[in-house]
Amino acid sequence: MRILGFDTATNACSTAIVRDGRVVARRLEPMARGHAERLMPMILEVMDEAGEDFSALDAVAVTNGPGAFTGLRIGLAAARGLALAGRLPCLAVTTLEAVAAGVPEAELHERQLLVVLDAKRADVYAQAFAPDLTPMGEPRALLPDELPTLLMAGGKGRDRCAVVVAGDAAGRALAALDAAGITAIRSAALDSPDAAVVAGLAAARWTPGAMVAKPRPLYLRPPSTTTPKKRRRTR
């Protein structure tokens, strides 16, 4: 099974080829913008390194959010286009679960995991996971000082249990948890989704031949835009 995975929804651009569960080529470059210009060259780079042709792919996997609105559109449009051209299934993985899956198992060891991503505003995108990476709730957009409520939903309350925090907004999360009296440590995992993890998660969940719904963006809040006011007509 050959899966092309990529992510453009966060502060990085990442692409990878996973063949039969093994990562054969990958790229990850931190960037705040420029994903549209860099994505296709990176895809061609990993395809060339892996010695693969688009006709040999079995599926395309992409992150569908939460993340930057422009980045999400870039990734989903590219994934749908490649899938349509190659008549391939297009599989979606959230950015939060992709970061969670990249956390080393040794770091968890009965600890809850909190993945927190930068939302470019006062709030953050977050989701809590049990030590076995089972989601403890849905992805949410909330202020950092509200993050402890995600852990309380898992039955831990405000006790001094150790929590692992991952994601590019981990610094803000650690400060909020400390203020709430919750002991937390920062994960050594990548702050952004790794396309190799995205492809691996998609491969583990997908049954070849099964129908796959078209991936849709996961928006947790409306875009930071306003509708221009109508101009007053003059005679």
# chains A, B, ... in the order shown; residues from 1 in each chain; ligands from 1

$ residues_around --residues "Pro217 in chain A" --least-positions-apart "4" --cutoff "10 Å" --atoms "only C-alpha atoms" --output "PyMOL selection string"
chain A and resi 63-67+69+72-73+75-76+92+94

$ residues_around --residues "Pro144 in chain A" --least-positions-apart "5" --cutoff "10 Å" --atoms "only C-alpha atoms" --output "list in words"
Val116, Ala122, Asp123, Val124, Tyr125, Ala126, Ala169, Ala170, Arg172, Ala173, Leu174, Ala175, Ala176 and Leu177 of chain A

$ closest_residue --among "A:Val164, A:Ala56, A:Ala61, A:Ile182" --to "His109 in chain A" --atoms "only C-alpha atoms"
A:Val164

$ atom_distance --atom1 "CA of Gly81 in chain A" --atom2 "CA of Thr207 in chain A"
21.4 Å

$ atom_distance --atom1 "CA of Arg80 in chain A" --atom2 "CA of Gly102 in chain A"
24.8 Å

$ residues_around --residues "Pro30 in chain A" --least-positions-apart "4" --cutoff "10 Å" --atoms "only C-alpha atoms" --output "PyMOL selection string"
chain A and resi 10-14+35+191-192

$ write_last_selection --atoms "N, CA and C atoms" --output "PDB file, in the first residue's frame"
ATOM      1  N   THR A  10      -0.848  24.195   9.323  1.00  0.00           N
ATOM      2  CA  THR A  10      -0.230  24.779  10.509  1.00  0.00           C
ATOM      3  C   THR A  10       0.982  25.619  10.127  1.00  0.00           C
ATOM      4  N   ASN A  11       1.874  25.832  11.081  1.00  0.00           N
ATOM      5  CA  ASN A  11       3.067  26.645  10.843  1.00  0.00           C
ATOM      6  C   ASN A  11       4.200  25.848  10.225  1.00  0.00           C
ATOM      7  N   ALA A  12       3.857  24.883   9.396  1.00  0.00           N
ATOM      8  CA  ALA A  12       4.847  24.074   8.679  1.00  0.00           C
ATOM      9  C   ALA A  12       4.184  23.488   7.444  1.00  0.00           C
ATOM     10  N   CYS A  13       5.015  23.021   6.530  1.00  0.00           N
ATOM     11  CA  CYS A  13       4.526  22.300   5.354  1.00  0.00           C
ATOM     12  C   CYS A  13       5.242  20.950   5.354  1.00  0.00           C
ATOM     13  N   SER A  14       4.485  19.890   5.249  1.00  0.00           N
ATOM     14  CA  SER A  14       5.067  18.557   5.369  1.00  0.00           C
ATOM     15  C   SER A  14       4.485  17.608   4.329  1.00  0.00           C
ATOM     16  N   HIS A  35       2.858  28.174   1.820  1.00  0.00           N
ATOM     17  CA  HIS A  35       2.537  26.760   1.629  1.00  0.00           C
ATOM     18  C   HIS A  35       2.132  26.454   0.185  1.00  0.00           C
ATOM     19  N   ASP A 191       6.037  20.057  16.878  1.00  0.00           N
ATOM     20  CA  ASP A 191       4.942  20.966  17.200  1.00  0.00           C
ATOM     21  C   ASP A 191       3.855  20.969  16.134  1.00  0.00           C
ATOM     22  N   SER A 192       4.186  20.522  14.920  1.00  0.00           N
ATOM     23  CA  SER A 192       3.241  20.507  13.809  1.00  0.00           C
ATOM     24  C   SER A 192       3.044  19.081  13.316  1.00  0.00           C
TER      25      SER A 192
END

$ residues_around --residues "Leu88 in chain A" --least-positions-apart "3" --cutoff "9 Å" --atoms "only C-alpha atoms" --output "NGL selection string"
:A and (57-60 or 82-85)

$ residues_around --residues "Val115 in chain A" --least-positions-apart "3" --cutoff "7 Å" --atoms "only C-alpha atoms" --output "number ranges by chain"
A: 96, 100, 126-128, 165-167

$ closest_residue --among "A:Pro193, A:Gly21, A:Val163, A:Thr15" --to "Met1 in chain A" --atoms "only C-alpha atoms"
A:Gly21

$ closest_atom_pairs --of "range 54-115 of chain A" --to "range 39-46 of chain A" --cutoff "10 Å" --atoms "only C-alpha atoms" --output "tab-separated table"
residue	atom	partner	partner_atom	distance
A:Phe54	CA	A:Leu44	CA	9.6
A:Ile74	CA	A:Leu39	CA	8.7
A:Gly75	CA	A:Leu39	CA	8.2
A:Ala78	CA	A:Met40	CA	8.4

$ atom_distance --atom1 "CA of Ala184 in chain A" --atom2 "CA of Ala162 in chain A"
5.2 Å

$ select_by_dssp --residues "range 76-223 of chain A" --states "helix (DSSP H, G or I)" --output "PyMOL selection string"
chain A and resi 76-86+95-101+105-108+144-146+148-152+170-179+195-205

$ write_last_selection --atoms "C-alpha atoms" --output "PDB file, in the first residue's frame"
ATOM      1  CA  LEU A  76      -7.626  20.099   0.799  1.00  0.00           C
ATOM      2  CA  ALA A  77      -7.721  21.516  -2.725  1.00  0.00           C
ATOM      3  CA  ALA A  78      -4.449  19.793  -3.602  1.00  0.00           C
ATOM      4  CA  ALA A  79      -5.566  16.501  -2.059  1.00  0.00           C
ATOM      5  CA  ARG A  80      -8.915  16.519  -3.836  1.00  0.00           C
ATOM      6  CA  GLY A  81      -7.254  17.425  -7.129  1.00  0.00           C
ATOM      7  CA  LEU A  82      -4.682  14.627  -6.913  1.00  0.00           C
ATOM      8  CA  ALA A  83      -7.314  12.140  -5.780  1.00  0.00           C
ATOM      9  CA  LEU A  84      -9.661  13.103  -8.607  1.00  0.00           C
ATOM     10  CA  ALA A  85      -6.938  12.924 -11.245  1.00  0.00           C
ATOM     11  CA  GLY A  86      -5.745   9.534 -10.051  1.00  0.00           C
ATOM     12  CA  THR A  95      -4.145  18.218  12.885  1.00  0.00           C
ATOM     13  CA  LEU A  96      -4.665  17.559  16.590  1.00  0.00           C
ATOM     14  CA  GLU A  97      -4.729  13.767  16.296  1.00  0.00           C
ATOM     15  CA  ALA A  98      -1.718  13.862  13.969  1.00  0.00           C
ATOM     16  CA  VAL A  99       0.335  15.749  16.556  1.00  0.00           C
ATOM     17  CA  ALA A 100      -0.949  13.414  19.288  1.00  0.00           C
ATOM     18  CA  ALA A 101       0.105  10.317  17.339  1.00  0.00           C
ATOM     19  CA  GLU A 105       4.755   6.390  23.972  1.00  0.00           C
ATOM     20  CA  ALA A 106       7.374   6.616  26.720  1.00  0.00           C
ATOM     21  CA  GLU A 107       6.320  10.209  27.448  1.00  0.00           C
ATOM     22  CA  LEU A 108       2.710   9.271  28.092  1.00  0.00           C
ATOM     23  CA  PRO A 144      -5.762  29.103  27.380  1.00  0.00           C
ATOM     24  CA  ASP A 145      -7.206  29.566  30.882  1.00  0.00           C
ATOM     25  CA  GLU A 146     -10.088  27.278  29.874  1.00  0.00           C
ATOM     26  CA  PRO A 148      -8.075  22.705  32.457  1.00  0.00           C
ATOM     27  CA  THR A 149     -11.751  22.038  31.711  1.00  0.00           C
ATOM     28  CA  LEU A 150     -10.685  19.597  28.991  1.00  0.00           C
ATOM     29  CA  LEU A 151      -8.834  17.542  31.574  1.00  0.00           C
ATOM     30  CA  MET A 152     -11.693  17.652  34.049  1.00  0.00           C
ATOM     31  CA  ALA A 170       2.349  24.402  24.230  1.00  0.00           C
ATOM     32  CA  GLY A 171       4.033  27.348  25.959  1.00  0.00           C
ATOM     33  CA  ARG A 172       0.733  29.153  26.498  1.00  0.00           C
ATOM     34  CA  ALA A 173      -0.897  25.924  27.635  1.00  0.00           C
ATOM     35  CA  LEU A 174       1.814  25.141  30.169  1.00  0.00           C
ATOM     36  CA  ALA A 175       1.433  28.579  31.739  1.00  0.00           C
ATOM     37  CA  ALA A 176      -2.347  28.157  31.994  1.00  0.00           C
ATOM     38  CA  LEU A 177      -2.099  24.689  33.517  1.00  0.00           C
ATOM     39  CA  ASP A 178       0.508  25.838  36.021  1.00  0.00           C
ATOM     40  CA  ALA A 179      -1.789  28.673  37.095  1.00  0.00           C
ATOM     41  CA  ALA A 195       2.934  14.012   7.009  1.00  0.00           C
ATOM     42  CA  ALA A 196       4.391  10.571   7.689  1.00  0.00           C
ATOM     43  CA  VAL A 197       2.144  10.294  10.756  1.00  0.00           C
ATOM     44  CA  VAL A 198      -0.815  11.598   8.740  1.00  0.00           C
ATOM     45  CA  ALA A 199      -0.287   8.919   6.093  1.00  0.00           C
ATOM     46  CA  GLY A 200       0.258   6.235   8.729  1.00  0.00           C
ATOM     47  CA  LEU A 201      -2.952   7.080  10.591  1.00  0.00           C
ATOM     48  CA  ALA A 202      -4.909   7.100   7.342  1.00  0.00           C
ATOM     49  CA  ALA A 203      -3.494   3.725   6.329  1.00  0.00           C
ATOM     50  CA  ALA A 204      -4.383   2.187   9.696  1.00  0.00           C
ATOM     51  CA  ARG A 205      -8.001   3.343   9.470  1.00  0.00           C
TER      52      ARG A 205
END

$ residues_around --residues "Arg19 in chain A" --least-positions-apart "4" --cutoff "8 Å" --atoms "only C-alpha atoms" --output "mmCIF file with N, CA and C atoms, in the first residue's frame"
data_model
loop_
_atom_site.group_PDB
_atom_site.id
_atom_site.type_symbol
_atom_site.label_atom_id
_atom_site.label_comp_id
_atom_site.auth_asym_id
_atom_site.auth_seq_id
_atom_site.Cartn_x
_atom_site.Cartn_y
_atom_site.Cartn_z
ATOM 1 N N MET A 1 0.841 -1.194 0.000
ATOM 2 C CA MET A 1 0.000 0.000 0.000
ATOM 3 C C MET A 1 0.877 1.246 0.000
ATOM 4 N N ARG A 2 0.607 2.158 -0.910
ATOM 5 C CA ARG A 2 1.382 3.386 -1.038
ATOM 6 C C ARG A 2 0.466 4.588 -0.806
ATOM 7 N N ILE A 3 0.799 5.389 0.198
ATOM 8 C CA ILE A 3 -0.026 6.548 0.529
ATOM 9 C C ILE A 3 0.833 7.811 0.543
ATOM 10 N N VAL A 23 7.898 4.478 6.327
ATOM 11 C CA VAL A 23 8.145 5.796 5.745
ATOM 12 C C VAL A 23 9.354 5.707 4.816
ATOM 13 N N VAL A 24 9.144 5.979 3.539
ATOM 14 C CA VAL A 24 10.240 5.869 2.570
ATOM 15 C C VAL A 24 10.754 7.243 2.122
#

$ closest_residue --among "A:Ala141, A:Ala180, A:Leu114, A:Ala130" --to "Leu218 in chain A" --atoms "only C-alpha atoms"
A:Ala141
